[in-house]
Amino acid sequence: MSGGNITKPKPRVGIYGLTGCAGDQLLLIHCEDELLDIFNAFDIRSFVMASSNPIEEDMDVALVEGSVSTEEQKKHLMDIRKRAKILVAIGNCATVGGVQAMYAQDGTFKDRMKKVYGDMKFITEPMEGQPLDAFVTVDYYLPGCPISAKQALPLLSRLLHGAPPEPFPHPVCHECKLQENKCLLLDKKFCLGPLTQGGCGAVCPSHGLPCVGCWGPHSDANFKEHITLLESFGMTKDEVIRRIRNFGGHKILAYIKDL
Amino acid sequence: MTKTQKIEIEPLARVEGHGGIKVEIKNNEIKDVQVKILEGPRLFETLAIGKTPAEDLSLVPRICAICNLSHKYASLRALEKALDIHVPEVTQTYRQLMHHGEMLESHSLHLYFLALPDFFGYDNAVAMAEKYGDVVMKALALKKFGNKIMRLMGGRMIHGENPVLGGFGKLPNRETLLELKEEALTHLDFAMETIDILASLEVPDYPERETQFICLKPPHDEYDYYGDILLASDGKEYPLEDYKKVIIERTVSHSFAKRSAYNERPFTVGAIARVLNIGDRLKGKAKEARDKLLNERWHRNPIYNNFAQAIEQVFSLEDVIRIVDELVDKAHPEIVNAARDSGTGTGGVEAPRGTLIHHYTIENGVTVDADYITPTAMFLDDIEAFIRKSGENLLAKNEMDGIELKLEMVARAYDPCISCSAHLVSVDIE
């Protein structure tokens, strides 16, 4: 007997989508070079977008994409939470609420719903998009619109080996400096790099295009100073705030409430 | 005594987004068929109100990840009309290159990973790899090539910001273009091999019924994925701006997607509609592929959409080669600026799964009206009609074993994009 050489059971994984564009699940499917390894290393029990006949039992890790936008999804999420030892929110919709939550808490959802669907009653009650942690405890966050392979694959490997994922504490602005790009703010371009969580590799500024903020707000950012700077480019404060809320969902409200 | 039986397929697997199928059978007759769209509403058109065109362009790809560039492209075409921007031909050709990336990415994902496992009897493509390893590995490589073009032209694989009003942030250099051509050539053999694989498959006849097909008519004599005219299978043509008169919508309670009809009847869009309506324009290997696969049952059987996608894979690979030859010695075009800040425009492109229409009214630089009509919302009624027909035929032949899978195959053949469909909505702000 080879002592200590016990094969550990593969972690059981469920990959779920609530309301969103499915881009985070798609990104995993689009990891062509790693896809077969991911399916081999994990025991993927449920991944409805890629496979039939899901097994809905207890699991070690649940990856959940999308915002909670109906009562039924809220129930579904709570059921996933009950069955999962570790729950990871993947993508902007799951972490902050997504673009569908850009008007979060301003009270217009019901009106906008009525404008689009009239007085229609649906089989499940719709609600304004909410991030997962509005209803359940989230163990780890993988931000992005969509998530990036450079952040997703290390998170999966660490979970595979029973280690906690490493946090990524840098804003887009930091990643942009590492790319040695010329700062777009010097050209008075509306760049949100300093306010935005990193992980994309500063991909937009590297194409000469300003950051739109799609990874969501960065907790260390100086919102007050940056908004003042952007106003100086010839925009009203309201316009600046409107734009920085596009991908900020519910989470950005805490950073701008006193400004 | 009455006997009621309900068939519930939920969740509907191997499609994008959250949906289901419900069929109610009473006294051996199909009473009701519902394709349920349970993806929550996001109200995209209301999000666009008050935004600048640049913001619109970064919002719309988020409607759907699989066809994110089609959404961006449709918005670009609409907004550029509204703002009187005329891009040079070179820019248009780069956009076609970008769009081929998405066609290859989306078609290969659907054909090999979402649809083929049904034909070979597997739950998913990874399980299929044990016996069909060669096909799965080559399919992954083809999908990766599609994604490479998307990354190159879009700026990143999904939701890239590189296509902007009037042009692109950054364009590929000569070496990169030539590399694409080389690579397209290597995938062409596999794309043709796929045609032979499909030719050997037996396509079941249980869903068959007559329907109608709509696609965009390209503005030139070749096959293509964009245009300003809606072309229907009855031979009629309509200016794209009249889309609201041609495609009539309604809401239903079992779905956050609106429903559409043409001539008061359901219709189909997508690869099958394009190959049927404009497939006689195909040349080269794509024509060869069409000649091998096309038969008169296509008009009645949506499962052939998988075959049409395979033909378009060949077309897109050949067209990437043509485009590289055309672009390789041309200088990069400048970004064209807007000539005005108010106007109305309707843009149409063929997303992988069918005709996609974006419409905007811009006043003083901000959006006052937006409308996005997606392919999945257009063909949902037809999916229901084909599922009903399938159920009737299977009941009549008493072939109820495994009916769930048979019905799923009909829905899946359309390659529905449920995220997209869940906001086929229109808002008019007075």
# chains A, B, ... in the order shown; residues from 1 in each chain; ligands from 1
>>> residues_around(residues="A:Cys176", least_positions_apart="3", cutoff="8 Å", atoms="only C-alpha atoms", output="PyMOL selection string")
chain A and resi 172-173+179-181+193+201-202+205-206
>>> residues_around(residues="A:Gly20", least_positions_apart="6", cutoff="12 Å", atoms="only C-alpha atoms", output="PyMOL selection string")
(chain A and resi 26+64-69+73+90-101+129-131+145-146) or (chain B and resi 16-18+38-44+61-66+417-423)
>>> select_by_dssp(residues="stretch 37-169 of chain A", states="strand (DSSP E)", output="count of residues only")
30
>>> closest_residue(among="B:Val23, B:Leu356, B:Met98, B:Leu293", to="B:Val269", atoms="only C-alpha atoms")
B:Leu356
>>> closest_residue(among="A:Asp58, A:Asp220, A:Asp238, A:Asp43", to="A:Pro171", atoms="only C-alpha atoms")
A:Asp220
>>> decode(residues="stretch 202-348 of chain B", atoms="C-alpha atoms", output="mmCIF file, in the first residue's frame")
data_model
loop_
_atom_site.group_PDB
_atom_site.id
_atom_site.type_symbol
_atom_site.label_atom_id
_atom_site.label_comp_id
_atom_site.auth_asym_id
_atom_site.auth_seq_id
_atom_site.Cartn_x
_atom_site.Cartn_y
_atom_site.Cartn_z
ATOM 1 C CA GLU B 202 -30.625 10.998 -40.063
ATOM 2 C CA VAL B 203 -32.855 14.010 -39.405
ATOM 3 C CA PRO B 204 -36.142 13.016 -37.740
ATOM 4 C CA ASP B 205 -39.339 14.106 -39.485
ATOM 5 C CA TYR B 206 -41.670 14.472 -36.465
ATOM 6 C CA PRO B 207 -41.628 18.311 -36.335
ATOM 7 C CA GLU B 208 -42.457 18.936 -39.998
ATOM 8 C CA ARG B 209 -44.894 21.706 -40.962
ATOM 9 C CA GLU B 210 -44.763 24.652 -43.366
ATOM 10 C CA THR B 211 -43.464 27.981 -42.068
ATOM 11 C CA GLN B 212 -42.110 31.352 -43.263
ATOM 12 C CA PHE B 213 -38.539 32.642 -43.220
ATOM 13 C CA ILE B 214 -37.186 36.176 -42.861
ATOM 14 C CA CYS B 215 -33.638 37.504 -43.169
ATOM 15 C CA LEU B 216 -31.875 40.704 -44.184
ATOM 16 C CA LYS B 217 -31.034 41.187 -47.834
ATOM 17 C CA PRO B 218 -27.369 42.179 -48.239
ATOM 18 C CA PRO B 219 -26.746 45.489 -50.052
ATOM 19 C CA HIS B 220 -24.660 43.696 -52.724
ATOM 20 C CA ASP B 221 -24.921 40.493 -54.785
ATOM 21 C CA GLU B 222 -22.983 38.225 -52.403
ATOM 22 C CA TYR B 223 -24.022 36.268 -49.328
ATOM 23 C CA ASP B 224 -23.694 38.367 -46.162
ATOM 24 C CA TYR B 225 -24.928 39.052 -42.646
ATOM 25 C CA TYR B 226 -26.301 42.603 -42.837
ATOM 26 C CA GLY B 227 -28.580 44.831 -44.864
ATOM 27 C CA ASP B 228 -31.321 47.456 -44.844
ATOM 28 C CA ILE B 229 -34.079 45.370 -46.400
ATOM 29 C CA LEU B 230 -36.151 42.622 -44.774
ATOM 30 C CA LEU B 231 -36.516 39.735 -47.209
ATOM 31 C CA ALA B 232 -39.318 37.217 -46.583
ATOM 32 C CA SER B 233 -39.678 33.739 -48.059
ATOM 33 C CA ASP B 234 -42.879 34.817 -49.856
ATOM 34 C CA GLY B 235 -40.584 36.969 -52.008
ATOM 35 C CA LYS B 236 -41.688 40.263 -50.470
ATOM 36 C CA GLU B 237 -39.170 42.923 -49.479
ATOM 37 C CA TYR B 238 -39.620 45.681 -46.897
ATOM 38 C CA PRO B 239 -37.441 48.659 -45.946
ATOM 39 C CA LEU B 240 -35.892 47.947 -42.535
ATOM 40 C CA GLU B 241 -37.326 51.190 -41.090
ATOM 41 C CA ASP B 242 -40.816 49.684 -41.507
ATOM 42 C CA TYR B 243 -39.989 46.743 -39.225
ATOM 43 C CA LYS B 244 -42.786 47.595 -36.791
ATOM 44 C CA LYS B 245 -45.355 47.190 -39.565
ATOM 45 C CA VAL B 246 -43.861 43.901 -40.761
ATOM 46 C CA ILE B 247 -43.098 42.199 -37.462
ATOM 47 C CA ILE B 248 -46.086 42.492 -35.134
ATOM 48 C CA GLU B 249 -45.503 41.968 -31.421
ATOM 49 C CA ARG B 250 -47.546 40.945 -28.396
ATOM 50 C CA THR B 251 -46.901 40.001 -24.732
ATOM 51 C CA VAL B 252 -47.735 36.674 -23.053
ATOM 52 C CA SER B 253 -47.738 35.898 -19.323
ATOM 53 C CA HIS B 254 -45.518 32.808 -19.456
ATOM 54 C CA SER B 255 -42.593 34.699 -20.874
ATOM 55 C CA PHE B 256 -40.615 37.872 -20.251
ATOM 56 C CA ALA B 257 -40.064 37.922 -24.029
ATOM 57 C CA LYS B 258 -42.569 39.501 -26.346
ATOM 58 C CA ARG B 259 -43.792 37.428 -29.287
ATOM 59 C CA SER B 260 -43.721 38.224 -32.995
ATOM 60 C CA ALA B 261 -45.704 37.385 -36.111
ATOM 61 C CA TYR B 262 -45.417 38.073 -39.842
ATOM 62 C CA ASN B 263 -48.622 37.842 -41.930
ATOM 63 C CA GLU B 264 -50.258 37.011 -38.580
ATOM 64 C CA ARG B 265 -48.324 33.759 -38.486
ATOM 65 C CA PRO B 266 -45.139 32.613 -36.721
ATOM 66 C CA PHE B 267 -41.892 32.762 -38.676
ATOM 67 C CA THR B 268 -38.296 31.628 -38.484
ATOM 68 C CA VAL B 269 -35.062 33.635 -38.620
ATOM 69 C CA GLY B 270 -31.471 32.393 -38.413
ATOM 70 C CA ALA B 271 -28.978 30.454 -40.472
ATOM 71 C CA ILE B 272 -31.713 28.287 -42.019
ATOM 72 C CA ALA B 273 -33.668 31.381 -43.132
ATOM 73 C CA ARG B 274 -30.531 32.911 -44.652
ATOM 74 C CA VAL B 275 -29.493 29.772 -46.517
ATOM 75 C CA LEU B 276 -33.045 29.311 -47.824
ATOM 76 C CA ASN B 277 -33.589 32.973 -48.771
ATOM 77 C CA ILE B 278 -30.161 33.980 -50.112
ATOM 78 C CA GLY B 279 -28.187 30.708 -50.228
ATOM 79 C CA ASP B 280 -28.119 30.746 -54.030
ATOM 80 C CA ARG B 281 -25.521 33.520 -53.681
ATOM 81 C CA LEU B 282 -22.994 31.174 -52.032
ATOM 82 C CA LYS B 283 -19.833 30.344 -53.954
ATOM 83 C CA GLY B 284 -16.781 28.126 -53.640
ATOM 84 C CA LYS B 285 -16.717 25.521 -50.902
ATOM 85 C CA ALA B 286 -19.753 27.062 -49.206
ATOM 86 C CA LYS B 287 -21.773 26.383 -52.353
ATOM 87 C CA GLU B 288 -20.382 22.845 -52.396
ATOM 88 C CA ALA B 289 -21.504 22.454 -48.771
ATOM 89 C CA ARG B 290 -24.974 23.781 -49.562
ATOM 90 C CA ASP B 291 -25.337 21.453 -52.542
ATOM 91 C CA LYS B 292 -24.466 18.514 -50.289
ATOM 92 C CA LEU B 293 -26.876 19.333 -47.482
ATOM 93 C CA LEU B 294 -29.842 21.294 -48.821
ATOM 94 C CA ASN B 295 -33.072 19.450 -49.561
ATOM 95 C CA GLU B 296 -36.736 20.430 -49.800
ATOM 96 C CA ARG B 297 -37.459 19.249 -46.211
ATOM 97 C CA TRP B 298 -35.548 22.306 -44.944
ATOM 98 C CA HIS B 299 -38.684 24.389 -45.545
ATOM 99 C CA ARG B 300 -40.573 22.328 -42.964
ATOM 100 C CA ASN B 301 -37.960 21.174 -40.476
ATOM 101 C CA PRO B 302 -36.078 23.535 -38.129
ATOM 102 C CA ILE B 303 -33.597 20.810 -37.132
ATOM 103 C CA TYR B 304 -31.861 21.650 -40.410
ATOM 104 C CA ASN B 305 -30.825 24.950 -38.829
ATOM 105 C CA ASN B 306 -27.839 22.999 -37.456
ATOM 106 C CA PHE B 307 -26.921 22.127 -41.051
ATOM 107 C CA ALA B 308 -27.323 25.730 -42.191
ATOM 108 C CA GLN B 309 -24.914 26.824 -39.434
ATOM 109 C CA ALA B 310 -22.355 24.328 -40.719
ATOM 110 C CA ILE B 311 -22.670 25.822 -44.220
ATOM 111 C CA GLU B 312 -22.196 29.320 -42.783
ATOM 112 C CA GLN B 313 -19.062 28.200 -40.954
ATOM 113 C CA VAL B 314 -17.595 27.352 -44.357
ATOM 114 C CA PHE B 315 -18.776 30.671 -45.808
ATOM 115 C CA SER B 316 -17.321 32.680 -42.917
ATOM 116 C CA LEU B 317 -13.939 30.943 -43.108
ATOM 117 C CA GLU B 318 -13.745 31.557 -46.864
ATOM 118 C CA ASP B 319 -14.846 35.146 -46.421
ATOM 119 C CA VAL B 320 -12.194 35.771 -43.732
ATOM 120 C CA ILE B 321 -9.627 34.731 -46.346
ATOM 121 C CA ARG B 322 -11.168 37.042 -48.971
ATOM 122 C CA ILE B 323 -11.310 39.929 -46.482
ATOM 123 C CA VAL B 324 -7.679 39.545 -45.426
ATOM 124 C CA ASP B 325 -6.610 39.657 -49.078
ATOM 125 C CA GLU B 326 -8.664 42.802 -49.518
ATOM 126 C CA LEU B 327 -7.461 44.580 -46.362
ATOM 127 C CA VAL B 328 -3.866 43.544 -46.073
ATOM 128 C CA ASP B 329 -2.387 46.365 -48.142
ATOM 129 C CA LYS B 330 -4.862 49.065 -47.163
ATOM 130 C CA ALA B 331 -4.080 51.856 -44.707
ATOM 131 C CA HIS B 332 -6.030 51.934 -41.446
ATOM 132 C CA PRO B 333 -9.048 54.241 -41.798
ATOM 133 C CA GLU B 334 -9.556 57.235 -39.509
ATOM 134 C CA ILE B 335 -12.499 57.369 -37.102
ATOM 135 C CA VAL B 336 -15.350 59.374 -38.680
ATOM 136 C CA ASN B 337 -16.999 61.942 -36.420
ATOM 137 C CA ALA B 338 -20.723 62.578 -36.092
ATOM 138 C CA ALA B 339 -22.140 65.190 -38.478
ATOM 139 C CA ARG B 340 -25.081 66.073 -36.198
ATOM 140 C CA ASP B 341 -26.342 65.348 -32.697
ATOM 141 C CA SER B 342 -30.011 64.559 -33.409
ATOM 142 C CA GLY B 343 -31.701 62.042 -35.673
ATOM 143 C CA THR B 344 -33.383 58.674 -36.045
ATOM 144 C CA GLY B 345 -31.884 55.443 -37.312
ATOM 145 C CA THR B 346 -32.675 51.741 -37.665
ATOM 146 C CA GLY B 347 -29.818 49.253 -37.887
ATOM 147 C CA GLY B 348 -30.077 45.633 -38.911
#
